[in-house]
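Trainee: Input structure: model.cif, which contains mmCIF, C-alpha atoms and all ligand atoms.
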```cif
data_final
loop_
_atom_site.label_atom_id
_atom_site.label_comp_id
_atom_site.auth_asym_id
_atom_site.auth_seq_id
_atom_site.Cartn_x
_atom_site.Cartn_y
_atom_site.Cartn_z
CA MET A 1 51.17 -25.87 -20.70
CA ALA A 2 52.83 -29.07 -21.95
CA GLU A 3 50.58 -31.71 -23.50
CA SER A 4 51.15 -34.09 -20.60
CA GLU A 5 50.16 -31.38 -18.10
CA VAL A 6 46.99 -30.62 -20.05
CA MET A 7 46.12 -34.31 -20.02
CA ALA A 8 46.82 -34.55 -16.30
CA ALA A 9 44.63 -31.52 -15.62
CA ALA A 10 41.81 -33.05 -17.67
CA GLU A 11 42.19 -36.31 -15.79
CA HIS A 12 41.99 -34.45 -12.43
CA ALA A 13 38.80 -32.76 -13.47
CA SER A 14 37.05 -35.92 -14.66
CA ALA A 15 38.04 -38.21 -11.76
CA GLY A 16 37.85 -35.82 -8.81
CA PRO A 17 35.14 -34.00 -6.89
CA LYS A 18 32.38 -32.38 -8.93
CA GLN A 19 32.79 -28.65 -9.53
CA ALA A 20 29.10 -28.03 -8.74
CA ASP A 21 29.64 -29.56 -5.27
CA LEU A 22 32.79 -27.50 -4.70
CA ASP A 23 30.99 -24.33 -5.73
CA ARG A 24 28.42 -24.73 -2.96
CA CYS A 25 31.03 -23.74 -0.36
CA VAL A 26 30.75 -20.03 0.45
CA HIS A 27 33.85 -20.08 2.71
CA CYS A 28 31.89 -18.96 5.78
CA GLY A 29 33.92 -21.13 8.16
CA LEU A 30 30.91 -22.28 10.19
CA CYS A 31 32.16 -25.86 9.84
CA LEU A 32 35.59 -25.26 11.36
CA ASN A 33 34.71 -25.99 14.97
CA ALA A 34 32.99 -29.22 14.00
CA CYS A 35 36.19 -30.53 12.42
CA PRO A 36 38.29 -32.74 14.71
CA THR A 37 41.56 -32.20 12.81
CA TYR A 38 41.11 -28.43 12.78
CA ARG A 39 40.32 -28.44 16.49
CA GLU A 40 43.49 -30.43 17.20
CA LEU A 41 45.87 -28.55 14.88
CA GLY A 42 44.27 -25.13 14.33
CA LEU A 43 45.47 -25.15 10.70
CA GLU A 44 43.25 -23.83 7.91
CA MET A 45 44.59 -26.42 5.46
CA ASP A 46 43.44 -29.16 7.85
CA SER A 47 39.95 -27.73 8.08
CA PRO A 48 36.98 -28.53 5.79
CA ARG A 49 37.11 -25.09 4.23
CA GLY A 50 40.86 -25.40 3.63
CA ARG A 51 40.50 -28.86 2.10
CA ILE A 52 37.72 -27.67 -0.20
CA TYR A 53 39.94 -24.76 -1.22
CA GLN A 54 42.74 -27.21 -2.11
CA MET A 55 40.36 -29.50 -4.01
CA ASN A 56 39.22 -26.46 -5.98
CA GLN A 57 42.80 -25.58 -6.85
CA VAL A 58 43.41 -29.10 -8.16
CA ALA A 59 40.12 -29.09 -10.06
CA ASN A 60 41.38 -25.96 -11.78
CA GLY A 61 44.62 -27.53 -12.90
CA ALA A 62 46.99 -27.22 -9.94
CA PRO A 63 49.28 -30.24 -9.56
CA ILE A 64 48.60 -32.91 -7.00
CA THR A 65 51.42 -32.52 -4.51
CA PRO A 66 52.53 -34.56 -1.49
CA ASP A 67 51.27 -31.68 0.66
CA TYR A 68 47.80 -31.89 -0.86
CA MET A 69 47.75 -35.64 -0.26
CA LYS A 70 48.86 -35.12 3.34
CA HIS A 71 46.02 -32.72 4.16
CA LEU A 72 43.44 -34.97 2.52
CA ASP A 73 44.81 -38.10 4.15
CA LEU A 74 44.50 -36.45 7.55
CA CYS A 75 40.77 -35.93 6.97
CA LEU A 76 38.74 -38.57 8.84
CA ALA A 77 35.87 -38.38 6.33
CA CYS A 78 33.72 -38.15 9.46
CA ARG A 79 31.39 -35.61 7.82
CA GLY A 80 31.00 -33.57 11.00
CA CYS A 81 31.50 -30.57 8.74
CA GLU A 82 28.61 -31.67 6.54
CA THR A 83 26.22 -31.59 9.50
CA ALA A 84 27.50 -28.15 10.54
CA CYS A 85 27.40 -26.60 7.06
CA PRO A 86 24.40 -24.31 6.47
CA SER A 87 25.00 -24.30 2.71
CA GLY A 88 24.52 -28.03 2.21
CA VAL A 89 28.03 -28.74 0.97
CA PRO A 90 28.14 -32.54 0.36
CA TYR A 91 31.58 -32.93 1.89
CA GLY A 92 31.35 -36.75 2.05
CA ARG A 93 30.93 -36.87 -1.72
CA LEU A 94 33.77 -34.38 -2.18
CA ILE A 95 36.29 -36.34 -0.14
CA GLU A 96 35.28 -39.63 -1.80
CA GLY A 97 35.80 -38.06 -5.23
CA ALA A 98 39.12 -36.55 -4.19
CA ARG A 99 40.34 -39.86 -2.80
CA ALA A 100 39.31 -41.78 -5.90
CA GLN A 101 41.36 -39.26 -7.89
CA LEU A 102 44.36 -39.60 -5.57
CA GLU A 103 44.38 -43.36 -6.09
CA ASN A 104 45.79 -42.75 -9.59
CA TYR A 105 48.72 -40.82 -8.14
CA ARG A 106 49.77 -42.90 -5.22
CA GLU A 107 53.03 -44.72 -5.34
CA ARG A 108 52.60 -47.88 -3.34
CA GLY A 109 55.19 -50.59 -2.87
CA LEU A 110 54.52 -54.01 -4.36
CA LEU A 111 53.69 -55.54 -0.98
CA ALA A 112 51.34 -52.69 0.06
CA ARG A 113 49.62 -52.92 -3.32
CA GLY A 114 49.23 -56.69 -2.98
CA VAL A 115 47.90 -56.54 0.60
CA ARG A 116 45.43 -53.81 -0.37
CA ALA A 117 44.16 -55.71 -3.40
CA LEU A 118 43.87 -58.90 -1.35
CA LEU A 119 42.00 -57.19 1.47
CA LEU A 120 39.67 -54.89 -0.44
CA LYS A 121 39.04 -56.88 -3.60
CA ARG A 122 39.35 -60.57 -2.71
CA LEU A 123 39.00 -61.12 1.02
CA VAL A 124 35.89 -59.09 1.87
CA SER A 125 33.96 -60.38 -1.14
CA SER A 126 34.69 -64.09 -0.64
CA ARG A 127 32.95 -65.92 2.19
CA SER A 128 35.30 -68.89 2.01
CA LEU A 129 38.41 -66.69 2.12
CA LEU A 130 36.94 -64.78 5.07
CA GLN A 131 36.32 -68.07 6.87
CA ILE A 132 39.88 -69.20 6.27
CA ALA A 133 41.28 -65.83 7.34
CA GLY A 134 38.98 -65.81 10.41
CA ALA A 135 40.16 -69.29 11.43
CA GLY A 136 43.77 -68.21 10.97
CA LEU A 137 43.17 -65.08 13.03
CA TYR A 138 41.55 -67.12 15.79
CA LEU A 139 44.47 -69.55 15.93
CA TYR A 140 46.95 -66.68 15.91
CA GLN A 141 45.17 -65.00 18.82
CA ALA A 142 44.17 -68.07 20.84
CA SER A 143 47.64 -69.65 20.60
CA GLY A 144 49.26 -66.67 22.31
CA LEU A 145 51.37 -65.83 19.23
CA GLN A 146 49.78 -62.40 18.90
CA ARG A 147 50.54 -61.56 22.52
CA ALA A 148 54.13 -62.73 22.16
CA LEU A 149 54.77 -60.78 18.94
CA ARG A 150 53.31 -57.62 20.38
CA ALA A 151 55.09 -57.94 23.72
CA THR A 152 58.51 -58.47 22.10
CA GLY A 153 58.04 -55.74 19.48
CA LEU A 154 58.74 -58.28 16.71
CA ILE A 155 55.50 -57.18 15.06
CA LYS A 156 57.28 -54.04 13.83
CA LEU A 157 59.52 -56.18 11.64
CA LEU A 158 56.50 -57.12 9.51
CA GLY A 159 56.34 -53.66 7.92
CA PRO A 160 52.93 -53.00 6.27
CA LEU A 161 51.69 -56.38 7.51
CA GLY A 162 52.36 -55.10 11.02
CA ASP A 163 49.98 -52.22 10.33
CA ILE A 164 47.32 -54.63 9.16
CA GLU A 165 47.89 -56.75 12.27
CA ALA A 166 47.33 -53.75 14.52
CA LEU A 167 43.95 -53.28 12.83
CA ALA A 168 42.91 -56.88 13.29
CA PRO A 169 39.87 -57.33 15.50
CA SER A 170 39.37 -60.33 17.78
CA ALA A 171 37.98 -63.41 16.10
CA GLU A 172 34.77 -64.50 17.86
CA VAL A 173 34.07 -68.20 17.65
CA PRO A 174 31.73 -69.65 16.61
CA PHE A 175 31.58 -67.36 13.56
CA PHE A 176 28.23 -66.13 12.25
CA PHE A 177 28.68 -67.70 8.79
CA PRO A 178 26.63 -70.87 9.52
CA GLN A 179 23.58 -68.65 10.19
CA ILE A 180 23.68 -67.13 6.70
CA GLY A 181 20.86 -68.53 4.60
CA LYS A 182 18.67 -69.30 7.65
CA THR A 183 15.31 -67.83 8.60
CA PHE A 184 14.56 -67.14 12.26
CA PRO A 185 10.90 -67.08 13.29
CA ALA A 186 9.23 -64.13 14.98
CA GLU A 187 8.36 -64.47 18.66
CA GLY A 188 4.64 -64.09 19.18
CA GLU A 189 2.58 -62.57 16.43
CA LYS A 190 4.63 -61.80 13.29
CA ARG A 191 4.76 -58.07 12.57
CA PHE A 192 7.53 -57.74 9.98
CA ARG A 193 9.58 -59.78 7.56
CA VAL A 194 13.14 -58.48 7.89
CA ALA A 195 16.26 -59.13 5.83
CA PHE A 196 19.35 -58.84 7.99
CA LEU A 197 22.66 -57.90 6.37
CA ALA A 198 25.28 -59.67 8.45
CA GLY A 199 28.25 -57.82 6.93
CA CYS A 200 31.53 -59.37 5.82
CA ILE A 201 34.24 -59.11 8.49
CA ALA A 202 31.48 -58.81 11.12
CA ASN A 203 30.74 -62.53 10.67
CA VAL A 204 34.16 -63.16 12.20
CA ALA A 205 34.68 -60.19 14.50
CA PHE A 206 31.14 -59.37 15.62
CA ALA A 207 29.43 -62.75 15.59
CA ARG A 208 27.90 -62.16 19.06
CA LEU A 209 26.56 -58.75 18.01
CA ASN A 210 24.93 -60.32 14.95
CA GLU A 211 23.31 -62.99 17.14
CA ALA A 212 22.05 -60.32 19.56
CA THR A 213 20.59 -58.37 16.63
CA VAL A 214 18.63 -61.40 15.44
CA ARG A 215 17.32 -62.10 18.97
CA VAL A 216 16.14 -58.51 19.54
CA LEU A 217 14.38 -58.49 16.16
CA GLN A 218 12.70 -61.83 16.94
CA LYS A 219 11.58 -60.54 20.35
CA ASN A 220 9.91 -57.68 18.56
CA GLY A 221 7.86 -59.82 16.23
CA CYS A 222 10.22 -59.94 13.25
CA GLU A 223 10.78 -62.95 11.08
CA VAL A 224 14.48 -62.56 10.34
CA VAL A 225 15.88 -63.78 7.05
CA ILE A 226 19.66 -63.83 6.52
CA PRO A 227 19.80 -63.87 2.70
CA SER A 228 22.17 -66.58 1.55
CA GLN A 229 23.90 -64.75 -1.30
CA GLN A 230 24.62 -61.52 0.59
CA GLY A 231 28.19 -60.27 0.79
CA CYS A 232 30.28 -57.17 1.42
CA CYS A 233 28.29 -53.97 0.80
CA GLY A 234 31.26 -52.14 -0.75
CA ALA A 235 31.74 -49.56 2.02
CA LEU A 236 35.42 -50.39 2.48
CA ALA A 237 36.01 -50.03 -1.26
CA VAL A 238 34.16 -46.68 -1.38
CA HIS A 239 36.22 -45.30 1.49
CA ALA A 240 39.44 -46.48 -0.16
CA GLY A 241 38.54 -44.70 -3.40
CA LEU A 242 37.89 -47.96 -5.33
CA ARG A 243 34.61 -46.89 -6.92
CA GLU A 244 34.33 -49.56 -9.61
CA GLU A 245 34.88 -52.33 -7.09
CA ALA A 246 32.22 -50.74 -4.85
CA GLN A 247 29.78 -50.65 -7.77
CA ARG A 248 30.39 -54.33 -8.49
CA LEU A 249 29.69 -55.24 -4.86
CA ALA A 250 26.60 -53.01 -4.74
CA ARG A 251 25.06 -54.75 -7.78
CA ALA A 252 25.72 -58.15 -6.21
CA GLU A 253 24.13 -57.07 -2.90
CA ILE A 254 21.02 -55.73 -4.62
CA ASP A 255 20.63 -59.03 -6.52
CA ALA A 256 21.15 -61.03 -3.31
CA VAL A 257 18.48 -59.19 -1.29
CA PRO A 258 15.36 -58.57 -3.41
CA ALA A 259 13.70 -55.55 -1.81
CA LYS A 260 10.18 -56.64 -2.79
CA ASP A 261 10.46 -59.76 -0.58
CA PHE A 262 10.90 -57.81 2.66
CA ASP A 263 9.24 -55.12 4.76
CA VAL A 264 12.62 -53.81 5.75
CA ILE A 265 16.32 -54.51 5.19
CA VAL A 266 18.46 -53.84 8.27
CA THR A 267 22.12 -53.46 9.08
CA ASN A 268 23.70 -53.08 12.51
CA ALA A 269 26.79 -51.38 11.07
CA ALA A 270 26.40 -47.65 10.57
CA GLY A 271 29.49 -47.56 8.35
CA CYS A 272 27.87 -50.07 5.98
CA GLY A 273 24.45 -48.41 6.25
CA SER A 274 25.85 -45.09 5.15
CA THR A 275 27.18 -46.65 1.92
CA LEU A 276 24.12 -48.87 1.42
CA LYS A 277 21.88 -45.80 1.55
CA GLU A 278 23.99 -44.20 -1.16
CA TYR A 279 23.58 -47.05 -3.67
CA GLY A 280 21.26 -44.82 -5.71
CA GLU A 281 24.10 -42.39 -6.24
CA LEU A 282 26.77 -45.07 -6.64
CA LEU A 283 24.75 -46.72 -9.43
CA GLY A 284 23.17 -43.54 -10.74
CA ASP A 285 24.75 -44.01 -14.19
CA ASP A 286 23.78 -47.67 -14.44
CA ASP A 287 20.55 -48.01 -16.43
CA ALA A 288 20.09 -51.64 -15.41
CA TYR A 289 20.43 -51.00 -11.67
CA ARG A 290 19.29 -47.41 -11.03
CA GLU A 291 15.72 -48.35 -10.20
CA LYS A 292 16.63 -51.52 -8.32
CA ALA A 293 19.05 -49.45 -6.21
CA HIS A 294 16.26 -46.99 -5.46
CA ASP A 295 13.92 -49.82 -4.30
CA PHE A 296 16.69 -51.33 -2.17
CA VAL A 297 17.52 -48.04 -0.46
CA ALA A 298 13.83 -47.35 0.23
CA LYS A 299 13.73 -50.48 2.42
CA LEU A 300 17.15 -50.04 4.05
CA LYS A 301 17.30 -49.01 7.71
CA ASP A 302 19.89 -48.93 10.42
CA ILE A 303 18.86 -51.31 13.21
CA THR A 304 18.45 -48.42 15.69
CA GLU A 305 16.39 -46.46 13.17
CA PHE A 306 14.09 -49.44 12.61
CA LEU A 307 13.63 -50.41 16.26
CA ALA A 308 12.99 -46.81 17.30
CA SER A 309 10.30 -46.54 14.62
CA ILE A 310 8.23 -49.46 15.95
CA GLU A 311 6.62 -50.01 19.30
CA LEU A 312 9.07 -52.09 21.29
CA ARG A 313 7.56 -55.10 22.94
CA PRO A 314 7.59 -55.19 26.74
CA GLY A 315 9.69 -57.69 28.66
CA MET A 316 12.93 -55.80 29.27
CA ARG A 317 14.35 -56.14 32.78
CA ALA A 318 16.12 -53.32 34.59
CA VAL A 319 19.80 -52.71 33.82
CA ASP A 320 21.33 -51.03 36.85
CA ALA A 321 24.14 -48.99 35.30
CA VAL A 322 25.20 -45.51 34.23
CA VAL A 323 25.63 -45.44 30.45
CA THR A 324 26.82 -42.94 27.88
CA TYR A 325 26.61 -42.94 24.09
CA GLN A 326 29.17 -42.14 21.39
CA ASP A 327 27.59 -41.18 18.04
CA SER A 328 29.01 -43.06 15.12
CA CYS A 329 29.96 -40.50 12.44
CA HIS A 330 28.39 -42.68 9.76
CA LEU A 331 25.14 -42.72 11.70
CA ALA A 332 25.03 -39.14 12.99
CA HIS A 333 26.58 -37.30 10.05
CA GLY A 334 26.30 -39.84 7.23
CA GLN A 335 22.68 -40.82 7.93
CA LYS A 336 21.57 -37.95 10.21
CA ILE A 337 20.38 -40.40 12.87
CA THR A 338 20.98 -39.19 16.42
CA SER A 339 17.69 -39.50 18.30
CA ALA A 340 16.87 -43.16 17.46
CA PRO A 341 19.70 -44.77 19.45
CA ARG A 342 19.04 -42.41 22.38
CA LYS A 343 15.34 -43.28 22.34
CA LEU A 344 16.23 -46.99 22.53
CA ILE A 345 18.69 -46.44 25.38
CA ARG A 346 16.04 -44.53 27.34
CA ALA A 347 13.58 -47.38 26.74
CA VAL A 348 15.69 -49.70 28.89
CA PRO A 349 14.41 -49.58 32.45
CA GLY A 350 16.67 -48.98 35.44
CA LEU A 351 19.64 -47.31 33.80
CA THR A 352 20.93 -43.77 34.04
CA PHE A 353 21.85 -42.18 30.70
CA ARG A 354 24.43 -39.39 30.79
CA GLU A 355 25.39 -37.53 27.63
CA MET A 356 29.10 -36.96 27.23
CA VAL A 357 30.55 -33.70 25.89
CA ALA A 358 31.08 -33.76 22.09
CA ALA A 359 29.41 -37.16 21.65
CA ASP A 360 29.18 -36.57 17.91
CA THR A 361 32.89 -35.83 17.43
CA CYS A 362 34.84 -38.64 15.76
CA CYS A 363 36.66 -41.10 18.04
CA GLY A 364 39.46 -41.50 15.46
CA SER A 365 38.43 -44.90 14.13
CA ALA A 366 37.44 -44.00 10.55
CA GLY A 367 38.20 -47.31 8.84
CA THR A 368 41.97 -47.72 8.56
CA TYR A 369 42.63 -44.18 9.80
CA ASN A 370 43.63 -45.33 13.27
CA VAL A 371 46.56 -47.22 11.74
CA LEU A 372 47.51 -44.92 8.87
CA GLN A 373 47.20 -41.72 10.94
CA ASN A 374 47.91 -43.26 14.29
CA GLU A 375 49.15 -40.11 16.04
CA MET A 376 46.06 -38.04 15.27
CA ALA A 377 43.73 -40.99 15.92
CA THR A 378 45.28 -41.58 19.35
CA GLN A 379 45.04 -37.88 20.22
CA LEU A 380 41.34 -37.88 19.32
CA LEU A 381 40.76 -41.09 21.23
CA GLU A 382 42.40 -39.73 24.36
CA HIS A 383 40.14 -36.67 24.30
CA LYS A 384 37.14 -38.91 23.66
CA LEU A 385 37.91 -41.05 26.69
CA GLN A 386 38.37 -37.96 28.87
CA ASN A 387 34.78 -37.05 27.99
CA VAL A 388 33.61 -40.61 28.61
CA ASN A 389 35.38 -40.78 31.98
CA ALA A 390 33.78 -37.49 33.04
CA THR A 391 30.31 -39.07 32.80
CA LYS A 392 31.32 -41.83 35.25
CA ALA A 393 29.46 -44.28 33.02
CA SER A 394 30.30 -47.97 33.38
CA ILE A 395 28.87 -48.80 29.94
CA LEU A 396 29.94 -47.00 26.77
CA LEU A 397 27.53 -47.48 23.88
CA SER A 398 27.82 -46.90 20.15
CA ALA A 399 26.11 -48.21 17.02
CA ASN A 400 28.90 -49.17 14.65
CA PRO A 401 31.35 -52.08 14.90
CA GLY A 402 34.33 -49.97 13.78
CA CYS A 403 33.67 -47.46 16.57
CA LEU A 404 33.30 -50.26 19.11
CA LEU A 405 36.78 -51.55 18.23
CA GLN A 406 38.32 -48.11 18.55
CA LEU A 407 36.50 -47.35 21.80
CA ARG A 408 37.61 -50.68 23.30
CA ALA A 409 41.19 -49.72 22.46
CA GLY A 410 40.48 -46.32 24.03
CA VAL A 411 39.24 -47.90 27.24
CA ARG A 412 42.41 -50.04 27.40
CA MET A 413 44.64 -46.98 26.94
CA PHE A 414 42.80 -44.13 28.66
CA GLY A 415 39.61 -45.50 30.20
CA ARG A 416 38.39 -46.82 33.52
CA GLY A 417 37.39 -50.33 32.56
CA GLN A 418 34.12 -49.34 30.89
CA ARG A 419 32.20 -52.05 29.08
CA VAL A 420 31.82 -51.13 25.39
CA MET A 421 28.62 -52.33 23.71
CA HIS A 422 26.42 -51.78 20.69
CA VAL A 423 23.00 -50.28 21.54
CA VAL A 424 21.38 -53.50 20.30
CA GLU A 425 23.49 -55.53 22.72
CA LEU A 426 22.14 -53.38 25.55
CA LEU A 427 18.58 -54.16 24.44
CA ASP A 428 19.47 -57.84 24.16
CA LEU A 429 20.89 -57.74 27.68
CA ALA A 430 17.68 -56.17 28.99
CA TYR A 431 15.47 -58.66 27.16
CA SER A 432 17.49 -61.65 28.31
CA SER A 433 18.15 -60.55 31.91
CA LYS A 434 16.55 -62.75 34.54
CA GLU A 435 14.68 -61.23 37.42
S1 LIG B 1 31.80 -26.18 3.94
FE1 LIG B 1 29.93 -25.08 4.47
S2 LIG B 1 30.27 -24.30 6.55
FE2 LIG B 1 32.27 -24.89 5.71
S3 LIG B 1 33.10 -23.01 4.84
FE3 LIG B 1 32.04 -24.09 3.16
S4 LIG B 1 29.96 -23.27 3.17
FE4 LIG B 1 30.88 -22.66 5.12
S1 LIG B 2 35.16 -34.94 7.26
FE1 LIG B 2 35.69 -34.63 9.43
S2 LIG B 2 37.94 -34.44 9.48
FE2 LIG B 2 37.29 -34.21 7.32
S3 LIG B 2 37.09 -32.01 7.03
FE3 LIG B 2 35.03 -32.75 7.61
S4 LIG B 2 34.93 -32.55 9.86
FE4 LIG B 2 37.11 -32.37 9.25
#
```
Kindly return the structure encoded in the file as structure tokens.
Mentor:
Amino acid sequence: MAESEVMAAAEHASAGPKQADLDRCVHCGLCLNACPTYRELGLEMDSPRGRIYQMNQVANGAPITPDYMKHLDLCLACRGCETACPSGVPYGRLIEGARAQLENYRERGLLARGVRALLLKRLVSSRSLLQIAGAGLYLYQASGLQRALRATGLIKLLGPLGDIEALAPSAEVPFFFPQIGKTFPAEGEKRFRVAFLAGCIANVAFARLNEATVRVLQKNGCEVVIPSQQGCCGALAVHAGLREEAQRLARAEIDAVPAKDFDVIVTNAAGCGSTLKEYGELLGDDDAYREKAHDFVAKLKDITEFLASIELRPGMRAVDAVVTYQDSCHLAHGQKITSAPRKLIRAVPGLTFREMVAADTCCGSAGTYNVLQNEMATQLLEHKLQNVNATKASILLSANPGCLLQLRAGVRMFGRGQRVMHVVELLDLAYSSKE
């Protein structure tokens, strides 16, 4: 083997998935049917077992080829396979390691590199840049420019920026930023002191959801603090394979939200929660932060997990509707939370809850997947909406902002006008409904 090949092989081994994790796979294939890409394509190399096999080959010195990248890029990182695996293979960790390794091999154009660095390193971690970008997005959408560009097809001329545009959520004014740093009092007797993580992009795109979250917590006797120095949790960086950037953001978040000051720290974004709960692992080699990360994670709860664990206060009015629920992969597979949101839905009087078929199969959102792997994402979304339509539900619920965006797009393309809401927004509706 040439010296350069030996060095490349060594680099693969140190940056990629851990061999001990790879070795846990016994190739039984029990995960195959839980894998959306395998179910769509029927190809072993696009199954969890096939991907683990390929990662193993690379870990043992095989070159990283375009084919390898293709099969890994097509993975949604939904972790459905992790839930199905009886041998405890930590697939989420494997794919994160493999993607971090691939980052060193990717050839990106100057513009794509610049946009990526701007989005993942500067924009999400700067509140003022997010505010400027949010205002720009609002003007772009409210002025009718977005509609015109899309209708005429001119958007395609923007190249990679066109892809980013397709991902852009709606800007909700007023943004949630002015609420950061405030404390909202509990209604009635105070039961808990809660830190609420408002997210980064969510302050622009899910401002109403954040407000609803605060109201529902207040209704249930929580004093809600929105810590002033909080920022992006690092989930986007983790999923993009930018581990060092994610570690930097994790340290900043831990410093901004001192765990000892709160009974609980909540997030309403399952995608963020999944990364936040893995801070212990992300900072496992950091002597200064290992213990702080442990304390932080011990207090961290998804909003559905927290509300389902306490006795909900009475006062909800009947919601006369048929509803169904789509599991967020980051909640169901990443955090193993499936019963909490269902318990909350059933707590709302008057509604009929109908489970859809394959509620815990990915809807195709998966961060930027729906843009980068648009064909597969659309295929998955179409099948998802067929299952939603079969329930005849008029409200489609989920518990993660990214899923809500994808499901709204799904309703526009394949649905029957269903209203798409976060579970907390349903509770807020019930609490605020007038008789
Ligand atoms: S990941 Fe788990 S379920 Fe899938 S083949 Fe390996 S051991 Fe079997
Ligand atoms: S993470 Fe999802 S798409 Fe990727 S291999 Fe596992 S089940 Fe398949």
Trainee: Pick out the closest residue to ligand LIG 1 (chain B) from this set: A:Glu82, A:Glu44, A:Glu189, A:Leu74. Count all atoms listed in the file.
Mentor: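 Nearest candidate to ligand LIG 1 (chain B) out of A:Glu82, A:Glu44, A:Glu189, A:Leu74: A:Glu82.
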Trainee: Using only C-alpha atoms, determine which residues lie at most 6 Å from region 414-430 of chain A, disregarding the query and same-chain residues fewer than 3 positions distant; provide the list as a compact mmCIF listing (two decimals) with C-alpha atoms, keeping the file's coordinate frame.
Mentor:
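For reference, result_16.txt as written:
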```txt
# COMPACT_ATOMS: atom_id res chain seq x y z
CA ALA A 212 22.05 -60.32 19.56
CA VAL A 216 16.14 -58.51 19.54
CA MET A 316 12.93 -55.80 29.27
CA ARG A 317 14.35 -56.14 32.78
CA LEU A 385 37.91 -41.05 26.69
CA SER A 394 30.30 -47.97 33.38
CA ILE A 395 28.87 -48.80 29.94
CA LEU A 396 29.94 -47.00 26.77
CA LEU A 397 27.53 -47.48 23.88
CA SER A 398 27.82 -46.90 20.15
CA ALA A 399 26.11 -48.21 17.02
CA GLY A 410 40.48 -46.32 24.03
CA VAL A 411 39.24 -47.90 27.24
CA SER A 433 18.15 -60.55 31.91
```
Trainee: Output the neighbourhood of ligand LIG 1 (chain B) as number ranges by chain, that is, all protein and nucleic acid residues with some atom at most 7 Å from the ligand, counting all atoms listed in the file.
Mentor: A: 24-32, 48-49, 81-82, 84-89
Trainee: Let me make sure I understand: among A:Arg208, A:Lys301, A:Arg150, A:His239, which one has the smallest atom-to-atom distance to ligand LIG 2 (chain B) if we use all atoms listed in the file?
Mentor: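 Ranked by minimum distance to ligand LIG 2 (chain B), first place goes to A:His239.
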Trainee: Nearest to ligand LIG 2 (chain B) among A:Tyr289, A:Tyr279, A:Tyr53, A:Tyr105, with distances taken over only C-alpha atoms and all ligand atoms: which residue is it?
Mentor: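 Nearest to ligand LIG 2 (chain B): A:Tyr53.
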Trainee: Hey, can you check how far CA of Ala250 (chain A) sits from CA of Asp263 (chain A)?
Mentor: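 Interatomic distance, CA of Ala250 (chain A) to CA of Asp263 (chain A): 19.9 Å.
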Trainee: Could you give me the residues within 6 Å of ligand LIG 2 (chain B), counting all atoms listed in the file, as a PyMOL selection string?
Mentor: chain A and resi 34-37+47-48+75-81
Trainee: Print the selection's residues with C-alpha atoms to a file, as a compact mmCIF listing (two decimals), keeping the file's coordinate frame.
Mentor:
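After the write, part02.txt holds the following:
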```txt
# COMPACT_ATOMS: atom_id res chain seq x y z
CA ALA A 34 32.99 -29.22 14.00
CA CYS A 35 36.19 -30.53 12.42
CA PRO A 36 38.29 -32.74 14.71
CA THR A 37 41.56 -32.20 12.81
CA SER A 47 39.95 -27.73 8.08
CA PRO A 48 36.98 -28.53 5.79
CA CYS A 75 40.77 -35.93 6.97
CA LEU A 76 38.74 -38.57 8.84
CA ALA A 77 35.87 -38.38 6.33
CA CYS A 78 33.72 -38.15 9.46
CA ARG A 79 31.39 -35.61 7.82
CA GLY A 80 31.00 -33.57 11.00
CA CYS A 81 31.50 -30.57 8.74
```
Trainee: Nearest residue to Ala142 (chain A) out of A:Met69, A:Pro227, A:Ser170, A:Leu312, using all atoms listed in the file?
Mentor: A:Ser170
Trainee: Padding 4 Å on every side, please: axis-aligned box over the listed atoms of region 227-240 of chain A, centre and edge lengths to one decimal in Å, as AutoDock Vina command-line options.
Mentor:
```
--center_x 29.6 --center_y -55.9 --center_z 0.7 --size_x 27.6 --size_y 29.3 --size_z 12.1
```
Trainee: Smallest atom-to-atom distance to Ala100 (chain A): which of A:Phe196, A:Gly241, A:Gln406, A:Asn60, using only C-alpha atoms?
Mentor: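 Among the listed residues, the smallest separation from Ala100 (chain A) belongs to A:Gly241.
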Trainee: Can you work out the spacing between CA of Ala390 (chain A) and CA of Asn374 (chain A) in Å, to one decimal?
Mentor: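 Atom-to-atom, CA of Ala390 (chain A) to CA of Asn374 (chain A), that is 24.2 Å.
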Trainee: Measuring between only C-alpha atoms, which one of A:Leu137, A:Ala252, A:Leu300, A:Ala288 shows the shortest distance to Gln335 (chain A)?
Mentor: A:Leu300
Trainee: State, in Å with one decimal place, the distance from CA of Ala359 (chain A) to CA of Arg342 (chain A).
Mentor: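 Answer for the CA of Ala359 (chain A) to CA of Arg342 (chain A) separation: 11.6 Å.
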Trainee: Using only C-alpha atoms, which protein or nucleic acid residues come within 8 Å of Asn210 (chain A)? Drop anything in the same chain fewer than 4 positions from it, and give the result as a PyMOL selection string.
Mentor: chain A and resi 176+198+202-203+206+214+268
